[in-house]
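Scroll down for the structure; my scribbles are underneath it.
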Amino acid sequence: MKILQNLAKLCAILAGLLLTGITLMTCISLIGRNTTGATLVGDFELTGIATGAAIALFMPYCQIQRGNIIVDFFSSRFSPQVNNGLDRLGALLLAVLFAILAWRTSLGGLNSWSTHSETQILGFPEWTTYAAMVPPFVLTAMIGIYQSLFGFREDTEAHA
């Protein structure tokens with residue numbers, strides 16, 4: 001589990017760096033637009049690309065921290081064993097969902113690569129965004145599988 005935790009942290013750090021860079025670029029573009037009338041061409045394209053990749057990169061850390069929204073309105077009266085089973089089932093369903101997302105994102109990236117799809121203004125290759133999203137989706141699926149098999153005890157002990 002330690003390897004999965006470290007990889008999830010690395011993904012979150014990369015996402016933070018991406019968003020920091022995009023924030024700085026947006027500030028520079030806005031300052032230029034409002035002071036000199038000059039702007040960074042294609043800044044909104046880069047913002048969309050980096051934000052998509054950053055969201056995917058945050059997913060493994062969110063899952064390992066159990067940061068996803070849990071609705072326990074109906075299950076709050078169940079025993080801890082039943083809730084643990086429901087949590088494990090939820091982790092398994094999340095793993096399946098992220099495995100499907102990784103698969104479909106891979107296919108989308110391959111299609112984008114084979115058709116040489118690019119952004120309109122900068123001509124930035126769109127397949128790179130897909131490629132950046134697949135590894136964190138796979139990692140999130142792996143974390144979900146681990147949590148569904150072994151539960152969450154180790155996660156909570158590591159963060160207590």
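If you're wondering about the labels, chains in the structure tokens are A, B, ... by order shown, residues count from 1 in each chain, ligands from 1 in order shown.
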
Checklist line | Spatial neighbours of Thr23 (chain A), max dist 12 Å, only C-alpha atoms, sep filter under 4 positions, as a PyMOL selection string | finding: chain A and resi 16-19+27-30+43-44+46-48+50-51

Residues just named, written with C-alpha atoms as a short mmCIF file (atom, residue, chain, number, x, y, z; two decimals), in the first residue's frame:
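Okay, selection_39.cif is ready:
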data_model
loop_
_atom_site.label_atom_id
_atom_site.label_comp_id
_atom_site.auth_asym_id
_atom_site.auth_seq_id
_atom_site.Cartn_x
_atom_site.Cartn_y
_atom_site.Cartn_z
CA GLY A 16 -0.61 21.07 -8.06
CA LEU A 17 2.35 22.10 -10.20
CA LEU A 18 0.16 22.06 -13.32
CA LEU A 19 -2.49 24.21 -11.70
CA CYS A 27 -2.41 36.06 -14.24
CA ILE A 28 0.20 37.10 -16.79
CA SER A 29 -2.38 37.01 -19.56
CA LEU A 30 -4.91 39.06 -17.57
CA ASP A 43 -4.17 30.64 -22.94
CA PHE A 44 -7.68 29.24 -22.59
CA LEU A 46 -3.75 25.47 -22.32
CA THR A 47 -5.98 26.07 -19.30
CA GLY A 48 -8.44 23.43 -20.48
CA ALA A 50 -3.88 21.33 -17.99
CA THR A 51 -7.05 21.38 -15.92
#

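Residues in contact with Ala8 (chain A) at 8 Å, where only C-alpha atoms are counted and same-chain residues fewer than 6 positions away are skipped, are listed as Phe58, Pro60, Tyr61, Ile64 and Leu139 of chain A.
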
Check: What residues in region 45-94 of chain A get the DSSP label helix (DSSP H, G or I)? Please answer as a VMD selection string.
Finding: chain A and resid 45 to 64 75 to 77 80 to 94

Could you save those same residues with C-alpha atoms as a PDB file, in the first residue's frame?
ATOM      1  CA  GLU A  45      -6.676  26.156 -24.626  1.00  0.00           C
ATOM      2  CA  LEU A  46      -3.751  25.473 -22.320  1.00  0.00           C
ATOM      3  CA  THR A  47      -5.976  26.067 -19.297  1.00  0.00           C
ATOM      4  CA  GLY A  48      -8.440  23.434 -20.477  1.00  0.00           C
ATOM      5  CA  ILE A  49      -5.725  20.920 -21.290  1.00  0.00           C
ATOM      6  CA  ALA A  50      -3.884  21.332 -17.994  1.00  0.00           C
ATOM      7  CA  THR A  51      -7.054  21.382 -15.915  1.00  0.00           C
ATOM      8  CA  GLY A  52      -8.251  18.111 -17.449  1.00  0.00           C
ATOM      9  CA  ALA A  53      -4.927  16.470 -16.715  1.00  0.00           C
ATOM     10  CA  ALA A  54      -4.830  17.925 -13.181  1.00  0.00           C
ATOM     11  CA  ILE A  55      -8.290  16.619 -12.325  1.00  0.00           C
ATOM     12  CA  ALA A  56      -7.235  13.137 -13.384  1.00  0.00           C
ATOM     13  CA  LEU A  57      -3.994  13.452 -11.410  1.00  0.00           C
ATOM     14  CA  PHE A  58      -5.869  14.366  -8.217  1.00  0.00           C
ATOM     15  CA  MET A  59      -8.104  11.269  -8.366  1.00  0.00           C
ATOM     16  CA  PRO A  60      -5.676   8.691  -6.892  1.00  0.00           C
ATOM     17  CA  TYR A  61      -4.909  10.889  -3.891  1.00  0.00           C
ATOM     18  CA  CYS A  62      -8.590  11.603  -3.352  1.00  0.00           C
ATOM     19  CA  GLN A  63      -9.369   7.879  -3.289  1.00  0.00           C
ATOM     20  CA  ILE A  64      -6.479   6.908  -1.038  1.00  0.00           C
ATOM     21  CA  SER A  75     -26.329   3.296   6.309  1.00  0.00           C
ATOM     22  CA  SER A  76     -25.619   5.348   9.436  1.00  0.00           C
ATOM     23  CA  ARG A  77     -27.679   2.919  11.517  1.00  0.00           C
ATOM     24  CA  PRO A  80     -19.576  -1.169  11.471  1.00  0.00           C
ATOM     25  CA  GLN A  81     -19.173  -4.531   9.723  1.00  0.00           C
ATOM     26  CA  VAL A  82     -22.010  -3.778   7.293  1.00  0.00           C
ATOM     27  CA  ASN A  83     -20.672  -0.273   6.644  1.00  0.00           C
ATOM     28  CA  ASN A  84     -17.198  -1.715   6.051  1.00  0.00           C
ATOM     29  CA  GLY A  85     -18.688  -4.127   3.520  1.00  0.00           C
ATOM     30  CA  LEU A  86     -20.547  -1.305   1.800  1.00  0.00           C
ATOM     31  CA  ASP A  87     -17.355   0.785   1.713  1.00  0.00           C
ATOM     32  CA  ARG A  88     -15.468  -2.123   0.155  1.00  0.00           C
ATOM     33  CA  LEU A  89     -18.217  -2.596  -2.411  1.00  0.00           C
ATOM     34  CA  GLY A  90     -18.068   1.117  -3.191  1.00  0.00           C
ATOM     35  CA  ALA A  91     -14.283   0.885  -3.641  1.00  0.00           C
ATOM     36  CA  LEU A  92     -14.747  -2.045  -6.012  1.00  0.00           C
ATOM     37  CA  LEU A  93     -17.355  -0.164  -8.052  1.00  0.00           C
ATOM     38  CA  LEU A  94     -15.048   2.845  -8.192  1.00  0.00           C
TER      39      LEU A  94
END

Item checked: Shell of 6 Å around region 116-132 of chain A, only C-alpha atoms, local chain residues under 5 positions omitted, as a VMD selection string -> chain A and resid 42 53 105 109

Serialized selection, all heavy atoms, as a PDB file, in the first residue's frame:
ATOM      1  N   GLY A  42      -3.922  31.621 -27.018  1.00  0.00           N
ATOM      2  CA  GLY A  42      -4.238  30.233 -26.697  1.00  0.00           C
ATOM      3  C   GLY A  42      -4.202  29.889 -25.223  1.00  0.00           C
ATOM      4  O   GLY A  42      -4.177  28.717 -24.863  1.00  0.00           O
ATOM      5  N   ALA A  53      -5.981  17.357 -17.219  1.00  0.00           N
ATOM      6  CA  ALA A  53      -4.927  16.470 -16.715  1.00  0.00           C
ATOM      7  C   ALA A  53      -4.822  16.550 -15.194  1.00  0.00           C
ATOM      8  O   ALA A  53      -4.651  15.532 -14.518  1.00  0.00           O
ATOM      9  CB  ALA A  53      -3.589  16.826 -17.365  1.00  0.00           C
ATOM     10  N   THR A 105     -10.357   6.254 -22.230  1.00  0.00           N
ATOM     11  CA  THR A 105      -9.453   7.389 -22.430  1.00  0.00           C
ATOM     12  C   THR A 105      -8.279   6.967 -23.299  1.00  0.00           C
ATOM     13  O   THR A 105      -7.818   7.734 -24.146  1.00  0.00           O
ATOM     14  CB  THR A 105      -8.974   7.949 -21.080  1.00  0.00           C
ATOM     15  OG1 THR A 105     -10.113   8.304 -20.296  1.00  0.00           O
ATOM     16  CG2 THR A 105      -8.087   9.163 -21.246  1.00  0.00           C
ATOM     17  N   GLY A 109      -7.368   8.658 -26.798  1.00  0.00           N
ATOM     18  CA  GLY A 109      -6.032   9.166 -27.088  1.00  0.00           C
ATOM     19  C   GLY A 109      -5.444   8.572 -28.347  1.00  0.00           C
ATOM     20  O   GLY A 109      -4.823   9.278 -29.155  1.00  0.00           O
TER      21      GLY A 109
END

Can you build me a table of region 4-45 of chain A residues sitting at most 10 Å from region 134-138 of chain A, with the closest atom pair per residue and its distance in Å to one decimal, using only C-alpha atoms, sorted by chain and residue number, as JSON lines?
{"residue": "A:Leu7", "atom": "CA", "partner": "A:Pro136", "partner_atom": "CA", "distance": 9.0}
{"residue": "A:Ala8", "atom": "CA", "partner": "A:Pro136", "partner_atom": "CA", "distance": 8.0}
{"residue": "A:Cys11", "atom": "CA", "partner": "A:Pro136", "partner_atom": "CA", "distance": 7.1}
{"residue": "A:Ala12", "atom": "CA", "partner": "A:Pro136", "partner_atom": "CA", "distance": 9.7}

Please produce a file of the residues just selected, as a PDB file, in the first residue's frame, where the atoms kept are N, CA, C and O atoms.
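Result written to result-v6.pdb:
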ATOM      1  N   LEU A   7       2.738   6.919  -4.974  1.00  0.00           N
ATOM      2  CA  LEU A   7       2.361   7.278  -6.339  1.00  0.00           C
ATOM      3  C   LEU A   7       1.204   8.267  -6.348  1.00  0.00           C
ATOM      4  O   LEU A   7       1.169   9.194  -7.161  1.00  0.00           O
ATOM      5  N   ALA A   8       0.243   8.070  -5.435  1.00  0.00           N
ATOM      6  CA  ALA A   8      -0.890   8.999  -5.340  1.00  0.00           C
ATOM      7  C   ALA A   8      -0.408  10.388  -4.931  1.00  0.00           C
ATOM      8  O   ALA A   8      -0.879  11.401  -5.470  1.00  0.00           O
ATOM      9  N   CYS A  11       1.268  12.022  -7.931  1.00  0.00           N
ATOM     10  CA  CYS A  11       0.253  12.516  -8.866  1.00  0.00           C
ATOM     11  C   CYS A  11      -0.335  13.840  -8.382  1.00  0.00           C
ATOM     12  O   CYS A  11      -0.510  14.772  -9.165  1.00  0.00           O
ATOM     13  N   ALA A  12      -0.636  13.929  -7.074  1.00  0.00           N
ATOM     14  CA  ALA A  12      -1.208  15.161  -6.524  1.00  0.00           C
ATOM     15  C   ALA A  12      -0.218  16.317  -6.630  1.00  0.00           C
ATOM     16  O   ALA A  12      -0.610  17.457  -6.921  1.00  0.00           O
TER      17      ALA A  12
END

Notebook entry, point to check: What is the distance between CA of Leu24 (chain A) and CA of Lys9 (chain A), in Å to one decimal?
Noted result: 22.5 Å
